[in-house]
$ cat run.tsv   # TSV, C-alpha atoms
chain	number	residue	atom	x	y	z
A	283	MET	CA	0.00	0.00	0.00
A	284	GLN	CA	1.70	3.13	-1.24
A	285	ASN	CA	0.95	6.77	-0.49
A	286	ARG	CA	2.96	9.66	-1.85
A	287	LYS	CA	3.55	10.89	1.70
A	288	PHE	CA	4.45	7.68	3.50
A	289	THR	CA	4.95	3.98	2.98
A	290	VAL	CA	3.16	1.22	4.88
A	291	GLN	CA	4.95	-2.04	5.59
A	292	ARG	CA	2.22	-4.69	5.69
A	293	HIS	CA	4.28	-7.09	7.78
A	294	GLN	CA	4.31	-4.42	10.51
A	295	ALA	CA	0.52	-4.14	10.75
A	296	PRO	CA	-0.56	-5.57	14.12
A	297	ALA	CA	-4.06	-4.04	13.96
A	298	LYS	CA	-4.88	-6.61	11.26
A	299	LYS	CA	-4.87	-9.22	14.05
A	300	SER	CA	-8.11	-7.71	15.35
A	301	GLY	CA	-9.81	-9.26	12.32
A	302	GLU	CA	-12.11	-7.67	9.79
A	303	PHE	CA	-15.79	-6.84	9.63
A	304	LEU	CA	-17.72	-6.55	6.38
A	305	ILE	CA	-19.67	-3.28	6.62
A	306	GLY	CA	-22.71	-3.37	4.37
A	307	ASN	CA	-21.41	-6.61	2.82
A	308	ASP	CA	-18.75	-4.81	0.77
A	309	LEU	CA	-16.50	-2.61	2.97
A	310	ARG	CA	-13.76	-4.51	4.79
A	311	GLY	CA	-12.74	-2.62	7.91
A	312	THR	CA	-10.30	-3.64	10.61
A	313	ARG	CA	-12.31	-4.42	13.73
A	314	LEU	CA	-10.00	-2.16	15.73
A	315	GLY	CA	-10.47	1.24	14.17
A	316	PHE	CA	-9.56	4.79	15.12
A	317	GLY	CA	-11.82	7.56	16.40
A	318	SER	CA	-10.63	11.03	15.47
A	319	MET	CA	-12.63	13.23	17.85
A	320	ARG	CA	-9.57	13.99	19.97
A	321	LEU	CA	-7.63	15.42	17.02
A	322	THR	CA	-9.08	18.84	17.85
A	323	GLY	CA	-8.75	21.51	20.52
A	324	ASP	CA	-10.26	21.58	24.01
A	325	GLY	CA	-14.00	21.09	24.06
A	326	ILE	CA	-13.71	19.35	20.65
A	327	TRP	CA	-13.30	22.86	19.29
A	328	GLY	CA	-10.73	24.42	17.00
A	329	GLU	CA	-7.22	23.33	16.17
A	330	PRO	CA	-5.36	20.69	18.21
A	331	ALA	CA	-2.49	21.82	20.41
A	332	ASP	CA	-0.08	20.00	18.10
A	333	ARG	CA	-1.38	19.57	14.55
A	334	ALA	CA	1.85	17.90	13.39
A	335	GLU	CA	1.41	15.23	16.06
A	336	ALA	CA	-2.21	14.73	14.96
A	337	VAL	CA	-0.96	14.07	11.43
A	338	ARG	CA	1.64	11.64	12.77
A	339	VAL	CA	-1.05	9.80	14.76
A	340	LEU	CA	-3.16	9.23	11.65
A	341	ARG	CA	-0.23	8.09	9.52
A	342	ARG	CA	0.98	5.78	12.25
A	343	ALA	CA	-2.53	4.33	12.60
A	344	VAL	CA	-2.44	3.31	8.94
A	345	GLU	CA	1.11	1.95	9.31
A	346	LEU	CA	-0.15	-0.19	12.20
A	347	GLY	CA	-2.79	-1.70	9.94
A	348	ILE	CA	-5.90	0.33	10.82
A	349	ASN	CA	-8.04	0.98	7.75
A	350	PHE	CA	-11.26	2.15	9.44
A	351	ILE	CA	-11.39	5.73	10.71
A	352	ASP	CA	-14.41	7.42	12.27
A	353	THR	CA	-14.92	11.18	12.30
A	354	ALA	CA	-17.71	13.80	12.14
A	355	ASP	CA	-18.28	17.25	10.68
A	356	SER	CA	-18.88	18.50	14.24
A	357	TYR	CA	-15.38	17.61	15.47
A	358	GLY	CA	-13.70	20.99	15.41
A	359	PRO	CA	-16.08	21.64	13.67
A	360	GLY	CA	-14.51	20.49	10.42
A	361	VAL	CA	-11.00	20.26	11.87
A	362	SER	CA	-10.83	16.49	12.26
A	363	GLU	CA	-11.93	15.85	8.69
A	364	GLU	CA	-9.43	18.39	7.34
A	365	ILE	CA	-6.55	16.78	9.25
A	366	ILE	CA	-7.52	13.31	8.01
A	367	ALA	CA	-7.30	14.51	4.42
A	368	GLU	CA	-4.03	16.36	5.07
A	369	ALA	CA	-2.46	13.27	6.60
A	370	LEU	CA	-3.79	10.49	4.41
A	371	HIS	CA	-5.08	11.72	1.05
A	372	PRO	CA	-4.80	10.14	-1.49
A	373	TYR	CA	-6.25	7.31	0.54
A	374	PRO	CA	-5.19	3.66	0.23
A	375	ALA	CA	-7.54	1.59	-1.94
A	376	ASP	CA	-8.87	-0.42	1.02
A	377	PHE	CA	-9.37	2.57	3.33
A	378	VAL	CA	-12.80	3.10	4.97
A	379	ILE	CA	-13.85	6.51	6.28
A	380	ALA	CA	-16.99	6.93	8.38
A	381	THR	CA	-18.24	10.40	9.17
A	382	LYS	CA	-21.36	11.88	10.75
A	383	GLY	CA	-23.72	14.82	10.47
A	384	GLY	CA	-26.59	16.15	12.55
A	385	PHE	CA	-25.16	18.62	15.06
A	386	ASP	CA	-24.67	22.38	15.19
A	387	ARG	CA	-21.67	23.54	17.24
A	388	PRO	CA	-22.24	27.00	18.76
A	389	GLY	CA	-19.10	26.73	20.92
A	390	PRO	CA	-16.68	24.47	22.85
A	391	ASP	CA	-18.43	21.49	24.49
A	392	LYS	CA	-21.75	22.67	23.03
A	393	TRP	CA	-23.76	20.31	20.85
A	394	VAL	CA	-27.18	21.14	19.38
A	395	GLU	CA	-29.09	18.56	17.35
A	396	ASN	CA	-30.01	19.70	13.85
A	397	GLY	CA	-31.71	17.15	11.65
A	398	LYS	CA	-33.27	19.59	9.20
A	399	PRO	CA	-32.88	18.28	5.65
A	400	LYS	CA	-31.15	21.48	4.48
A	401	HIS	CA	-28.58	21.16	7.28
A	402	LEU	CA	-27.93	17.46	6.61
A	403	ARG	CA	-27.41	18.08	2.90
A	404	SER	CA	-25.01	20.93	3.66
A	405	ALA	CA	-23.20	18.83	6.28
A	406	CYS	CA	-22.69	15.97	3.84
A	407	GLU	CA	-21.41	18.31	1.12
A	408	GLY	CA	-19.00	19.89	3.61
A	409	SER	CA	-17.65	16.50	4.67
A	410	LEU	CA	-17.13	15.46	1.06
A	411	ARG	CA	-15.19	18.65	0.40
A	412	ARG	CA	-13.01	18.50	3.54
A	413	LEU	CA	-12.27	14.79	3.17
A	414	ARG	CA	-11.61	15.23	-0.57
A	415	LEU	CA	-14.01	12.43	-1.45
A	416	ASP	CA	-16.55	11.89	-4.20
A	417	ARG	CA	-18.51	9.50	-1.99
A	418	ILE	CA	-18.53	8.83	1.75
A	419	ASP	CA	-18.21	5.13	2.64
A	420	LEU	CA	-20.33	5.28	5.79
A	421	TYR	CA	-22.40	8.35	6.66
A	422	GLN	CA	-24.00	8.26	10.10
A	423	LEU	CA	-26.84	10.37	11.45
A	424	HIS	CA	-25.10	11.73	14.54
A	425	ARG	CA	-28.40	11.96	16.41
A	426	ILE	CA	-32.05	11.61	15.46
A	427	ASP	CA	-33.27	15.16	16.09
A	428	PRO	CA	-36.54	14.94	18.07
A	429	LYS	CA	-37.63	18.31	16.60
A	430	VAL	CA	-37.67	16.98	13.03
A	431	PRO	CA	-39.64	13.96	11.74
A	432	ALA	CA	-37.30	10.98	11.53
A	433	GLU	CA	-38.70	10.27	8.07
A	434	ASP	CA	-37.40	13.64	6.86
A	435	GLN	CA	-33.92	13.09	8.29
A	436	LEU	CA	-33.51	9.54	7.02
A	437	GLY	CA	-35.21	10.40	3.75
A	438	THR	CA	-32.57	13.10	3.18
A	439	LEU	CA	-29.79	10.56	3.69
A	440	LYS	CA	-31.59	8.16	1.37
A	441	ASP	CA	-31.66	10.88	-1.30
A	442	LEU	CA	-27.95	11.58	-0.83
A	443	GLN	CA	-27.30	7.87	-1.17
A	444	ALA	CA	-29.32	7.75	-4.41
A	445	GLN	CA	-27.23	10.68	-5.69
A	446	GLY	CA	-24.05	8.65	-5.10
A	447	LYS	CA	-22.72	10.89	-2.33
A	448	ILE	CA	-23.13	8.23	0.38
A	449	LYS	CA	-22.43	4.51	0.04
A	450	HIS	CA	-23.86	3.22	3.34
A	451	ILE	CA	-25.91	4.76	6.16
A	452	GLY	CA	-25.50	4.30	9.91
A	453	LEU	CA	-27.10	5.63	13.08
A	454	SER	CA	-25.68	6.95	16.34
A	455	GLU	CA	-27.04	6.82	19.89
A	456	VAL	CA	-30.31	5.07	19.12
A	457	SER	CA	-32.64	2.49	20.65
A	458	VAL	CA	-33.64	-0.82	19.09
A	459	LYS	CA	-37.05	0.66	18.31
A	460	GLN	CA	-35.46	3.61	16.49
A	461	ILE	CA	-33.25	1.28	14.45
A	462	GLN	CA	-36.21	-0.84	13.46
A	463	HIS	CA	-38.17	2.23	12.37
A	464	ALA	CA	-35.19	3.63	10.44
A	465	ARG	CA	-34.84	0.37	8.54
A	466	THR	CA	-38.38	0.77	7.18
A	467	ILE	CA	-37.10	3.93	5.44
A	468	VAL	CA	-33.55	3.10	4.38
A	469	PRO	CA	-31.06	0.23	4.84
A	470	ILE	CA	-28.92	0.67	7.99
A	471	VAL	CA	-25.54	-1.10	8.18
A	472	SER	CA	-24.13	0.14	11.51
A	473	VAL	CA	-24.95	1.64	14.88
A	474	GLN	CA	-22.66	3.80	16.99
A	475	ASN	CA	-23.72	3.91	20.66
A	476	ARG	CA	-21.84	4.64	23.86
A	477	TYR	CA	-20.57	1.34	25.23
A	478	SER	CA	-17.61	0.07	27.20
A	479	ILE	CA	-16.74	-2.50	29.84
A	480	THR	CA	-17.94	-0.01	32.46
A	481	ASP	CA	-20.98	1.27	30.52
A	482	ARG	CA	-23.25	-1.39	29.07
A	483	GLY	CA	-26.50	0.53	28.75
A	484	SER	CA	-26.72	-0.39	25.05
A	485	GLU	CA	-26.52	-4.14	25.60
A	486	ASP	CA	-29.89	-4.69	23.89
A	487	VAL	CA	-28.76	-2.67	20.87
A	488	LEU	CA	-25.56	-4.72	20.62
A	489	GLU	CA	-27.59	-7.94	20.74
A	490	TYR	CA	-29.88	-6.62	18.00
A	491	CYS	CA	-26.87	-5.75	15.85
A	492	GLU	CA	-25.46	-9.25	16.39
A	493	LYS	CA	-28.74	-10.82	15.29
A	494	GLU	CA	-28.98	-8.59	12.21
A	495	LYS	CA	-25.22	-8.74	11.43
A	496	MET	CA	-24.87	-4.96	11.64
A	497	GLY	CA	-21.67	-3.29	12.78
A	498	PHE	CA	-21.71	-1.98	16.36
A	499	ILE	CA	-19.28	0.91	16.87
A	500	PRO	CA	-18.85	1.67	20.60
A	501	TRP	CA	-17.99	5.30	21.23
A	502	PHE	CA	-16.09	6.11	24.41
A	503	PRO	CA	-14.84	2.48	24.33
A	504	LEU	CA	-12.41	3.38	27.12
A	505	GLY	CA	-15.00	5.37	29.06
A	506	ALA	CA	-13.17	8.64	28.27
A	507	GLY	CA	-10.31	7.42	30.48
A	508	ARG	CA	-12.40	6.01	33.31
A	509	VAL	CA	-11.17	2.46	32.74
A	510	SER	CA	-7.49	3.43	32.82
A	511	GLY	CA	-7.25	5.02	36.26
A	512	SER	CA	-5.96	3.43	39.44
A	513	LYS	CA	-9.55	3.10	40.71
A	514	SER	CA	-10.72	1.34	37.58
A	515	PRO	CA	-12.59	-1.88	38.35
A	516	ILE	CA	-10.30	-3.75	35.94
A	517	SER	CA	-6.95	-2.40	37.18
A	518	ARG	CA	-6.33	-5.48	39.35
A	519	ILE	CA	-6.89	-7.84	36.42
A	520	ALA	CA	-4.69	-5.68	34.19
A	521	ALA	CA	-1.88	-5.83	36.76
A	522	ARG	CA	-2.18	-9.60	36.89
A	523	LEU	CA	-1.95	-9.82	33.09
A	524	LYS	CA	0.92	-7.29	33.05
A	525	VAL	CA	-0.90	-4.97	30.65
A	526	THR	CA	-2.74	-1.67	31.00
A	527	PRO	CA	-6.44	-1.39	31.95
A	528	SER	CA	-7.09	0.24	28.56
A	529	GLN	CA	-5.64	-2.78	26.78
A	530	VAL	CA	-7.84	-5.11	28.84
A	531	ALA	CA	-10.91	-2.99	28.05
A	532	LEU	CA	-10.20	-3.06	24.31
A	533	ALA	CA	-9.40	-6.78	24.29
A	534	TRP	CA	-12.66	-7.41	26.16
A	535	LEU	CA	-14.63	-5.45	23.56
A	536	LEU	CA	-13.06	-7.37	20.68
A	537	ALA	CA	-13.82	-10.66	22.43
A	538	ARG	CA	-17.34	-9.59	23.43
A	539	SER	CA	-18.89	-9.73	19.96
A	540	PRO	CA	-17.86	-10.37	16.34
A	541	VAL	CA	-19.81	-7.27	15.23
A	542	MET	CA	-17.95	-4.98	17.68
A	543	LEU	CA	-15.80	-2.29	16.03
A	544	PRO	CA	-14.02	-0.31	18.78
A	545	ILE	CA	-12.66	3.10	17.73
A	546	PRO	CA	-10.38	4.29	20.56
A	547	GLY	CA	-9.05	7.76	19.88
A	548	THR	CA	-5.99	9.67	21.01
A	549	SER	CA	-3.87	12.65	20.05
A	550	LYS	CA	-0.58	10.92	20.88
A	551	VAL	CA	1.35	8.33	18.86
A	552	LYS	CA	2.54	6.60	22.04
A	553	HIS	CA	-1.02	6.07	23.26
A	554	LEU	CA	-2.10	4.87	19.81
A	555	VAL	CA	0.60	2.19	19.77
A	556	GLU	CA	-0.45	1.09	23.26
A	557	ASN	CA	-4.07	0.77	22.18
A	558	VAL	CA	-3.24	-1.27	19.08
A	559	ALA	CA	-1.15	-3.66	21.20
A	560	ALA	CA	-4.43	-4.75	22.81
A	561	VAL	CA	-5.05	-7.03	19.80
A	562	GLU	CA	-2.21	-9.25	21.05
A	563	LEU	CA	-3.98	-9.87	24.36
A	564	GLU	CA	-5.92	-13.12	24.52
A	565	ILE	CA	-8.42	-13.29	27.36
A	566	ASP	CA	-9.14	-16.81	28.61
A	567	ALA	CA	-12.65	-17.94	29.51
A	568	ASN	CA	-12.17	-17.52	33.27
A	569	THR	CA	-10.84	-13.97	32.93
A	570	MET	CA	-13.61	-13.13	30.47
A	571	GLN	CA	-16.18	-14.33	33.00
A	572	GLU	CA	-14.46	-12.27	35.72
A	573	LEU	CA	-14.53	-9.17	33.52
A	574	ASP	CA	-18.17	-9.74	32.63
A	575	GLY	CA	-18.94	-9.83	36.34
A	576	LEU	CA	-17.12	-6.56	36.94
A	577	ALA	CA	-18.94	-4.96	34.02
A	578	ARG	CA	-22.33	-5.96	35.42
A	579	ALA	CA	-21.37	-4.72	38.85
A	580	SER	CA	-20.26	-1.33	37.54
$ encode --input "run.tsv" --output "structure tokens"
Amino acid sequence: MQNRKFTVQRHQAPAKKSGEFLIGNDLRGTRLGFGSMRLTGDGIWGEPADRAEAVRVLRRAVELGINFIDTADSYGPGVSEEIIAEALHPYPADFVIATKGGFDRPGPDKWVENGKPKHLRSACEGSLRRLRLDRIDLYQLHRIDPKVPAEDQLGTLKDLQAQGKIKHIGLSEVSVKQIQHARTIVPIVSVQNRYSITDRGSEDVLEYCEKEKMGFIPWFPLGAGRVSGSKSPISRIAARLKVTPSQVALAWLLARSPVMLPIPGTSKVKHLVENVAAVELEIDANTMQELDGLARAS
């Protein structure tokens, strides 16, 4: 895989050991992906403190074998998508980019749902331009805006798909009932809900995705750092295995379900390499049962 800016050595691609998932029956993504929300400034707003390091993170992710990257127009806003294109365009032939639309960003740490068709069309066009793409592989409705009929929001994405601007459509932060309703309007290939070893509120959604063979993309797969602290419920097990709590949490996610596509994010190359090393960790049945117990307790 050759890019004019950097070369990838396939034999040095440990992320491939996480396996692959076929998104929409035709997009092969590494099960361990990368979430790019943290490649922005504080409050997911503006430029990152070190843009050059953000570029290095993305290039290193590809060198490590990751070919599935998740972003959104609201990250920055626009900043994450621009950095992805700066770092990786022209993209490798097997590269999968997922982005999202459906939020207004009036300021740092401020998120306002906007599912109006005009906004969604503009958001999609903006993502295409910033990512330097003719078509987005996976476009996800960031939230179903309760102020706008779901039929209008999903119908807009269906139109964009018919126009060739979107290949596949996904949803984010939804219930099983909402997924079922959405599927009466347009095919849905993935769901992105908050989920981690310490936060299993979307267990029913994961089970639905398993049954329907839809990708489940857990956001905050490391609980925004909660699983990596000294008070983490899995720190004792991590110490016993001589790995970090974050690595245990990611290995648990990968073992939890074949449709699970974790997207841990970071702004540091060192942390990225640590996360990818989680694919080397094999959790035996007894430890898996122990971790499941801790997850239920938390």
$ atom_distance --input "run.tsv" --atom1 "atom CA of A:Gly497" --atom2 "atom CA of A:Met542"
6.4 Å
$ residues_near_point --input "run.tsv" --point "(2.8, 7.9, 12.0)" --cutoff "12 Å" --atoms "all atoms listed in the file" --output "PyMOL selection string"
chain A and resi 287-290+334-348+369-370+549-552+554-555
$ closest_residue --input "run.tsv" --among "A:Arg387, A:Glu455, A:Gln445, A:Asp355" --to "A:Leu410" --atoms "only C-alpha atoms"
A:Asp355
$ closest_residue --input "run.tsv" --among "A:Ala354, A:Val378, A:Val361, A:Leu415" --to "A:Lys447" --atoms "only C-alpha atoms"
A:Leu415
$ closest_residue --input "run.tsv" --among "A:Ser478, A:Leu488, A:Asp324, A:Asp352" --to "A:Pro503" --atoms "only C-alpha atoms"
A:Ser478
$ closest_residue --input "run.tsv" --among "A:Leu535, A:Ser457, A:His450, A:Arg465" --to "A:Asn307" --atoms "all atoms listed in the file"
A:His450
$ atom_distance --input "run.tsv" --atom1 "atom CA of A:Thr438" --atom2 "atom CA of A:Gly397"
9.4 Å
$ closest_residue --input "run.tsv" --among "A:Gly408, A:Pro546, A:Gly384, A:Gly358" --to "A:Ile326" --atoms "only C-alpha atoms"
A:Gly358
$ residues_around --input "run.tsv" --residues "A:Ala567" --least-positions-apart "3" --cutoff "12 Å" --atoms "all atoms listed in the file" --output "list in words"
Trp534, Ala537, Arg538, Glu564, Met570, Gln571, Glu572, Leu573 and Asp574 of chain A
$ closest_residue --input "run.tsv" --among "A:Leu439, A:Ile351, A:Leu576, A:Leu413" --to "A:Ala367" --atoms "only C-alpha atoms"
A:Leu413
$ residues_around --input "run.tsv" --residues "A:Trp501" --least-positions-apart "5" --cutoff "10 Å" --atoms "all atoms listed in the file" --output "PyMOL selection string"
chain A and resi 317+352+454-455+474-478+506+543-547
$ atom_distance --input "run.tsv" --atom1 "atom CA of A:His371" --atom2 "atom CA of A:Ala405"
20.2 Å
$ residues_around --input "run.tsv" --residues "A:Arg522" --least-positions-apart "6" --cutoff "12 Å" --atoms "only C-alpha atoms" --output "NGL selection string"
:A and (516 or 530 or 565 or 569)
$ residues_around --input "run.tsv" --residues "A:Phe303" --least-positions-apart "5" --cutoff "12 Å" --atoms "all atoms listed in the file" --output "VMD selection string"
chain A and resid 298 308 to 315 349 to 350 378 471 to 472 495 to 499 536 539 to 544
$ write_last_selection --input "run.tsv" --atoms "C-alpha atoms" --output "PDB file, keeping the file's coordinate frame"
ATOM      1  CA  LYS A 298      -4.880  -6.610  11.260  1.00  0.00           C
ATOM      2  CA  ASP A 308     -18.750  -4.810   0.770  1.00  0.00           C
ATOM      3  CA  LEU A 309     -16.500  -2.610   2.970  1.00  0.00           C
ATOM      4  CA  ARG A 310     -13.760  -4.510   4.790  1.00  0.00           C
ATOM      5  CA  GLY A 311     -12.740  -2.620   7.910  1.00  0.00           C
ATOM      6  CA  THR A 312     -10.300  -3.640  10.610  1.00  0.00           C
ATOM      7  CA  ARG A 313     -12.310  -4.420  13.730  1.00  0.00           C
ATOM      8  CA  LEU A 314     -10.000  -2.160  15.730  1.00  0.00           C
ATOM      9  CA  GLY A 315     -10.470   1.240  14.170  1.00  0.00           C
ATOM     10  CA  ASN A 349      -8.040   0.980   7.750  1.00  0.00           C
ATOM     11  CA  PHE A 350     -11.260   2.150   9.440  1.00  0.00           C
ATOM     12  CA  VAL A 378     -12.800   3.100   4.970  1.00  0.00           C
ATOM     13  CA  VAL A 471     -25.540  -1.100   8.180  1.00  0.00           C
ATOM     14  CA  SER A 472     -24.130   0.140  11.510  1.00  0.00           C
ATOM     15  CA  LYS A 495     -25.220  -8.740  11.430  1.00  0.00           C
ATOM     16  CA  MET A 496     -24.870  -4.960  11.640  1.00  0.00           C
ATOM     17  CA  GLY A 497     -21.670  -3.290  12.780  1.00  0.00           C
ATOM     18  CA  PHE A 498     -21.710  -1.980  16.360  1.00  0.00           C
ATOM     19  CA  ILE A 499     -19.280   0.910  16.870  1.00  0.00           C
ATOM     20  CA  LEU A 536     -13.060  -7.370  20.680  1.00  0.00           C
ATOM     21  CA  SER A 539     -18.890  -9.730  19.960  1.00  0.00           C
ATOM     22  CA  PRO A 540     -17.860 -10.370  16.340  1.00  0.00           C
ATOM     23  CA  VAL A 541     -19.810  -7.270  15.230  1.00  0.00           C
ATOM     24  CA  MET A 542     -17.950  -4.980  17.680  1.00  0.00           C
ATOM     25  CA  LEU A 543     -15.800  -2.290  16.030  1.00  0.00           C
ATOM     26  CA  PRO A 544     -14.020  -0.310  18.780  1.00  0.00           C
TER      27      PRO A 544
END
$ residues_around --input "run.tsv" --residues "A:Ile467" --least-positions-apart "3" --cutoff "7 Å" --atoms "only C-alpha atoms" --output "NGL selection string"
:A and (436-437 or 464)
